[in-house]
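Novice: Quick one: the structure is below, questions incoming.
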Amino acid sequence: MTASVNDLIVTSPSTTCDVELAKGPWEFDTIPGYGPGASEDDSIPDPVVRPGQLPAEYQRMSDEELHARIQAAKETLGDKLVILGHFYQRDEVVQYADFVGDSFQLANAALTKPDAETIVFCGVHFMAETADILSRPDQHVILPNLAAGCSMADMADEDSVEDCWEQLTELYGTEADADGPEGSRLAPVIPVTYMNSSAALKAFCGRNGGIVCTSSNASTVLEWAFERGQRVLFFPDQHLGRNTAKAMGISLDDMPTWNPRKPLGGNTEAELRSAKVLLWNGFCSVHKRFTVEQIEQARAEHPGCKVIVHPESPMPVVDAADASGSTDAIRKFVIASEPGDTIAIGTEINMVNRLAAEFPDRTIFCLDPVVCPCSTMYRIHPGYLAWTLDKLVEGEIHNEIVVDDEIARDAKIALERMLAALPK
Ligand code: 13P
Ligand code: SF4
């Protein structure tokens, strides 16, 4: 049986990417306010329990007690409750999820549970915001620990994107050209935001003829955008944008990177005029750790092994791998493999270890030898889940995610476009 990532971190902190993680959840969470990557600019709901302020009794509870609490609350709440879990969530929490999936599937799952009064999202902040936008107005969405954000999502804030848009509008103008398919007019630029972004940026896309994508439907979304525009502004993840556009045959010379700290994003006017895809310079700190050397080493040590990586990995890594795809695509790749196969995976460690445990007749391992979980998703400890569920049983909703009505209205436009752009 593969040890849970939590056990690995606790028993062997020296092999972990961030030694702080081994300090345990209550110490790790003592910084007041939203944690890194928790979309700090979003409105703070009330009542809110801040990181590190989980009632002491929950901090002291044994694993068995927490388990009993969570099970009892789930039984009491029955169909009124649905728990969603992302593939990267730790095993100690995923075991309670009614549905586990990638971010596209979880956005749909939020729509398909009409009996649930409350959706408890064991994922990160932008996923819970999306669930709030797509769910019915009378449904509540809870993120058990509000410090569970996404550091990549915070690499593009609303002000910087608005500022970029102003510069692009000044350069390109606002007039659509008459050179689209069948004489249609193409806008100068279409904004595309990765799901890993704040609700405010999804609303920006909704207001400006743009769309949201996830890693599973990014190529369908780029096709959608090129049917409507001459070029795309893609944020926040440069790697997903570059990998997807390159696979569609777009030259790297036509994909400048936008650095929000520099005028014109650090580009010349000529470069921006000839650009097809402008790539915001964000990245995921977990996926940027994967390297071509790791792939070479995996192949040297396991001749014949297959390598699959998430498209948030840098382009040379995606190019060197046998395949790339969203978390669900990675799972399907493993399901389609044969007993006896060896598969090296470039994605978050909780998901890789779970696949290894689920398929003991294959050799499955993470390309990164260092134990590196998504440290913000990792902040959903069973203690937070037990506490928010107990409160629900008492009729109290804590750590609710509530997106402002106007933002939700505009973001929904971009999200509904995304849901119609099915993964290939
Ligand atoms: P998926 O859309 O593949 O689930 O990925 C979400 C994510 O945050 C990857 O880092
Ligand atoms: Fe964000 Fe990276 Fe965590 Fe995904 S793995 S939620 S992109 S920090």
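Identifiers for the structure tokens are assigned positionally: chains receive A, B, ... in sequence, residues are indexed from 1 per chain, and ligands are indexed from 1 in the order shown.
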Using DSSP on the backbone, list every residue of segment 81-182 of chain A that comes out as strand (DSSP E), and give them as a ChimeraX atom specification.

Specialist: /A:81-86,99-101,118-122,140-142

Novice: For the residues in the current selection, export N, CA and C atoms as an mmCIF file, in the first residue's frame.

Specialist:
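Saved file part01.cif follows:
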```cif
data_model
loop_
_atom_site.group_PDB
_atom_site.id
_atom_site.type_symbol
_atom_site.label_atom_id
_atom_site.label_comp_id
_atom_site.auth_asym_id
_atom_site.auth_seq_id
_atom_site.Cartn_x
_atom_site.Cartn_y
_atom_site.Cartn_z
ATOM 1 N N LEU A 81 -26.215 17.493 1.168
ATOM 2 C CA LEU A 81 -24.782 17.848 1.110
ATOM 3 C C LEU A 81 -24.125 17.120 -0.052
ATOM 4 N N VAL A 82 -23.274 17.822 -0.795
ATOM 5 C CA VAL A 82 -22.406 17.116 -1.731
ATOM 6 C C VAL A 82 -20.976 17.602 -1.497
ATOM 7 N N ILE A 83 -20.061 16.644 -1.424
ATOM 8 C CA ILE A 83 -18.643 17.000 -1.233
ATOM 9 C C ILE A 83 -17.914 16.722 -2.540
ATOM 10 N N LEU A 84 -17.279 17.763 -3.085
ATOM 11 C CA LEU A 84 -16.503 17.616 -4.321
ATOM 12 C C LEU A 84 -15.020 17.641 -3.964
ATOM 13 N N GLY A 85 -14.239 16.803 -4.628
ATOM 14 C CA GLY A 85 -12.798 16.778 -4.333
ATOM 15 C C GLY A 85 -11.989 16.792 -5.616
ATOM 16 N N HIS A 86 -10.982 17.641 -5.658
ATOM 17 C CA HIS A 86 -10.097 17.636 -6.836
ATOM 18 C C HIS A 86 -9.105 16.471 -6.704
ATOM 19 N N PHE A 99 -17.744 13.108 -5.291
ATOM 20 C CA PHE A 99 -17.289 13.154 -6.674
ATOM 21 C C PHE A 99 -15.855 13.677 -6.689
ATOM 22 N N VAL A 100 -14.965 12.944 -7.381
ATOM 23 C CA VAL A 100 -13.560 13.380 -7.508
ATOM 24 C C VAL A 100 -13.296 13.594 -8.991
ATOM 25 N N GLY A 101 -12.685 14.716 -9.355
ATOM 26 C CA GLY A 101 -12.469 14.938 -10.784
ATOM 27 C C GLY A 101 -11.485 16.051 -11.064
ATOM 28 N N THR A 118 -25.975 22.366 0.009
ATOM 29 C CA THR A 118 -24.612 22.864 0.230
ATOM 30 C C THR A 118 -23.595 22.026 -0.537
ATOM 31 N N ILE A 119 -22.692 22.731 -1.199
ATOM 32 C CA ILE A 119 -21.587 22.075 -1.897
ATOM 33 C C ILE A 119 -20.327 22.378 -1.095
ATOM 34 N N VAL A 120 -19.697 21.349 -0.555
ATOM 35 C CA VAL A 120 -18.428 21.565 0.152
ATOM 36 C C VAL A 120 -17.315 21.219 -0.828
ATOM 37 N N PHE A 121 -16.526 22.231 -1.161
ATOM 38 C CA PHE A 121 -15.531 22.063 -2.224
ATOM 39 C C PHE A 121 -14.155 21.818 -1.616
ATOM 40 N N CYS A 122 -13.691 20.582 -1.740
ATOM 41 C CA CYS A 122 -12.333 20.272 -1.269
ATOM 42 C C CYS A 122 -11.403 20.420 -2.469
ATOM 43 N N HIS A 140 -25.420 26.805 -1.269
ATOM 44 C CA HIS A 140 -24.251 27.421 -0.630
ATOM 45 C C HIS A 140 -22.999 26.637 -1.002
ATOM 46 N N VAL A 141 -21.897 27.364 -1.169
ATOM 47 C CA VAL A 141 -20.618 26.695 -1.458
ATOM 48 C C VAL A 141 -19.644 27.011 -0.318
ATOM 49 N N ILE A 142 -19.053 25.965 0.205
ATOM 50 C CA ILE A 142 -18.104 26.127 1.324
ATOM 51 C C ILE A 142 -16.716 25.656 0.887
#
```

Novice: Using backbone DSSP assignments, extract all helix (DSSP H, G or I) residues from segment 84-328 of chain A; output them as JSON, numbers by chain.

Specialist: {"A": [91, 92, 93, 94, 103, 104, 105, 106, 107, 108, 109, 125, 126, 127, 128, 129, 130, 131, 132, 133, 134, 153, 154, 155, 158, 159, 160, 161, 162, 163, 164, 165, 166, 167, 168, 169, 170, 171, 172, 181, 182, 183, 199, 200, 201, 202, 203, 204, 205, 206, 207, 218, 219, 220, 221, 222, 223, 224, 225, 226, 238, 239, 240, 241, 242, 243, 244, 245, 246, 247, 252, 253, 254, 263, 264, 265, 266, 269, 270, 271, 272, 273, 274, 287, 288, 289, 292, 293, 294, 295, 296, 297, 298, 299, 300, 301, 315, 316, 317, 318, 319, 320, 327, 328]}

Novice: Would you pick out the contacts of Phe283 of chain A at 10 Å or less, using only C-alpha atoms, so that residues sharing its chain but fewer than 4 positions from it are not included, and give the list as a list in words?

Specialist: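 Listing them by chain and then by number gives Ser151, Met152, Ala153, Met155, Phe235, Pro236, Asp237, Gln238, His239, Leu240, His287, Lys288, Glu312, Ser313 and Pro314 of chain A.
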
Novice: Just the residues within 6 Å of segment 69-78 of chain A, please, counting only C-alpha atoms, with nothing from its chain fewer than 3 positions along; format it as number ranges by chain.

Specialist: A: 66, 81, 386, 389

Novice: Write out the residues from the selection above, keeping N, CA and C atoms, as a PDB file, in the first residue's frame.

Specialist:
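The resulting file, result-v9.pdb, is reproduced below:
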```pdb
ATOM      1  N   LEU A  66     -11.889  12.666  14.150  1.00  0.00           N
ATOM      2  CA  LEU A  66     -12.264  13.493  12.996  1.00  0.00           C
ATOM      3  C   LEU A  66     -13.060  12.655  12.001  1.00  0.00           C
ATOM      4  N   LEU A  81     -26.215  17.493   1.168  1.00  0.00           N
ATOM      5  CA  LEU A  81     -24.782  17.848   1.110  1.00  0.00           C
ATOM      6  C   LEU A  81     -24.125  17.120  -0.052  1.00  0.00           C
ATOM      7  N   ALA A 386     -14.233  18.520   9.140  1.00  0.00           N
ATOM      8  CA  ALA A 386     -15.079  18.111  10.269  1.00  0.00           C
ATOM      9  C   ALA A 386     -15.775  19.321  10.887  1.00  0.00           C
ATOM     10  N   LEU A 389     -18.531  20.803   8.560  1.00  0.00           N
ATOM     11  CA  LEU A 389     -19.688  19.901   8.479  1.00  0.00           C
ATOM     12  C   LEU A 389     -20.471  19.908   9.793  1.00  0.00           C
TER      13      LEU A 389
END
```

Novice: Produce as a ChimeraX atom specification the set of residues near ligand 2, where near means within 7 Å with only C-alpha atoms and all ligand atoms considered.

Specialist: /A:124,150-153,196,284-287,348,374-377

Novice: Mind running chain A against ligand 1 at 6 Å and telling me each contacting residue's nearest atom pair with the distance in Å (one decimal), counting only C-alpha atoms and all ligand atoms, chain and number ascending, as a Markdown table?

Specialist:
```
| residue | atom | partner | partner_atom_place_in_ligand_line | distance |
| --- | --- | --- | --- | --- |
| A:Asp102 | CA | ligand 1 | 4 (O) | 3.3 |
| A:Ser103 | CA | ligand 1 | 4 (O) | 4.2 |
| A:Phe104 | CA | ligand 1 | 2 (O) | 6.0 |
| A:Thr214 | CA | ligand 1 | 2 (O) | 5.1 |
| A:Ser215 | CA | ligand 1 | 2 (O) | 4.8 |
| A:Ser326 | CA | ligand 1 | 3 (O) | 3.6 |
| A:Thr327 | CA | ligand 1 | 3 (O) | 3.9 |
```

Novice: Quick one: everything within 10 Å of His302 of chain A, counting only C-alpha atoms, minus sequence neighbours fewer than 6 positions away in the same chain. Send it as a compact mmCIF listing (two decimals) with C-alpha atoms, in the first residue's frame.

Specialist:
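Writing done, so here's part_7.txt:
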```
# COMPACT_ATOMS: atom_id res chain seq x y z
CA GLU A 296 15.72 11.07 -19.30
CA THR A 342 5.69 1.43 -16.07
CA ILE A 343 4.36 5.00 -16.14
CA ALA A 344 6.22 8.12 -15.00
CA THR A 363 4.73 0.64 -11.75
```

Novice: For a test of reading the model, state the distance in Å between atom CA of Val161 of chain A and atom CA of Arg136 of chain A, rounded to one decimal.

Specialist: 29.0 Å

Novice: What's the 7 Å shell around Lys80 of chain A, counting only C-alpha atoms, without same-chain residues fewer than 5 positions away, as an mmCIF file with C-alpha atoms, in the first residue's frame?

Specialist:
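Output contents, as saved in selection.cif:
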```cif
data_model
loop_
_atom_site.group_PDB
_atom_site.id
_atom_site.type_symbol
_atom_site.label_atom_id
_atom_site.label_comp_id
_atom_site.auth_asym_id
_atom_site.auth_seq_id
_atom_site.Cartn_x
_atom_site.Cartn_y
_atom_site.Cartn_z
ATOM 1 C CA ASP A 115 -30.924 18.296 -4.300
ATOM 2 C CA ALA A 116 -27.828 19.526 -2.521
ATOM 3 C CA GLU A 117 -28.339 22.626 -0.410
ATOM 4 C CA THR A 118 -24.612 22.864 0.230
#
```

Novice: Just want the 6 Å neighbourhood of Ala110 of chain A, counted on only C-alpha atoms, with same-chain residues fewer than 3 positions away dropped. Output as a PyMOL selection string.

Specialist: chain A and resi 107+131+135

Novice: Only N, CA and C atoms, please: the residues just picked out, written as a compact mmCIF listing (two decimals), in the first residue's frame.

Specialist:
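Contents of part17.txt, as written:
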```
# COMPACT_ATOMS: atom_id res chain seq x y z
N ALA A 107 -16.56 21.56 -12.29
CA ALA A 107 -17.44 22.69 -12.62
C ALA A 107 -18.80 22.14 -13.06
N ALA A 131 -17.95 27.10 -8.64
CA ALA A 131 -19.13 26.35 -8.20
C ALA A 131 -20.22 27.31 -7.73
N SER A 135 -23.78 27.31 -9.58
CA SER A 135 -24.83 26.62 -8.83
C SER A 135 -26.06 27.53 -8.71
```

Novice: Ranking A:Ala148, A:Leu279, A:Leu168, A:Val5 by minimum distance to Ile380 of chain A and counting only C-alpha atoms, which one comes first?

Specialist: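 Ranked by minimum distance to Ile380 of chain A, first place goes to A:Ala148.
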
Novice: Using only C-alpha atoms, tabulate the residues of segment 122-144 of chain A lying at most 9 Å from any atom of segment 390-405 of chain A, each with its closest atom pair and that distance in Å to one decimal, by chain and increasing residue number, as JSON lines.

Specialist:
```
{"residue": "A:His125", "atom": "CA", "partner": "A:Ile401", "partner_atom": "CA", "distance": 8.2}
{"residue": "A:Ala128", "atom": "CA", "partner": "A:Ile401", "partner_atom": "CA", "distance": 6.7}
{"residue": "A:Glu129", "atom": "CA", "partner": "A:Ile401", "partner_atom": "CA", "distance": 6.2}
{"residue": "A:Thr130", "atom": "CA", "partner": "A:Val403", "partner_atom": "CA", "distance": 8.8}
{"residue": "A:Asp132", "atom": "CA", "partner": "A:Val402", "partner_atom": "CA", "distance": 6.6}
{"residue": "A:Ile133", "atom": "CA", "partner": "A:Val403", "partner_atom": "CA", "distance": 6.9}
{"residue": "A:His140", "atom": "CA", "partner": "A:Glu400", "partner_atom": "CA", "distance": 6.8}
{"residue": "A:Val141", "atom": "CA", "partner": "A:Glu400", "partner_atom": "CA", "distance": 5.6}
{"residue": "A:Ile142", "atom": "CA", "partner": "A:Glu400", "partner_atom": "CA", "distance": 4.4}
{"residue": "A:Leu143", "atom": "CA", "partner": "A:Asn399", "partner_atom": "CA", "distance": 5.9}
{"residue": "A:Pro144", "atom": "CA", "partner": "A:Asn399", "partner_atom": "CA", "distance": 6.2}
```
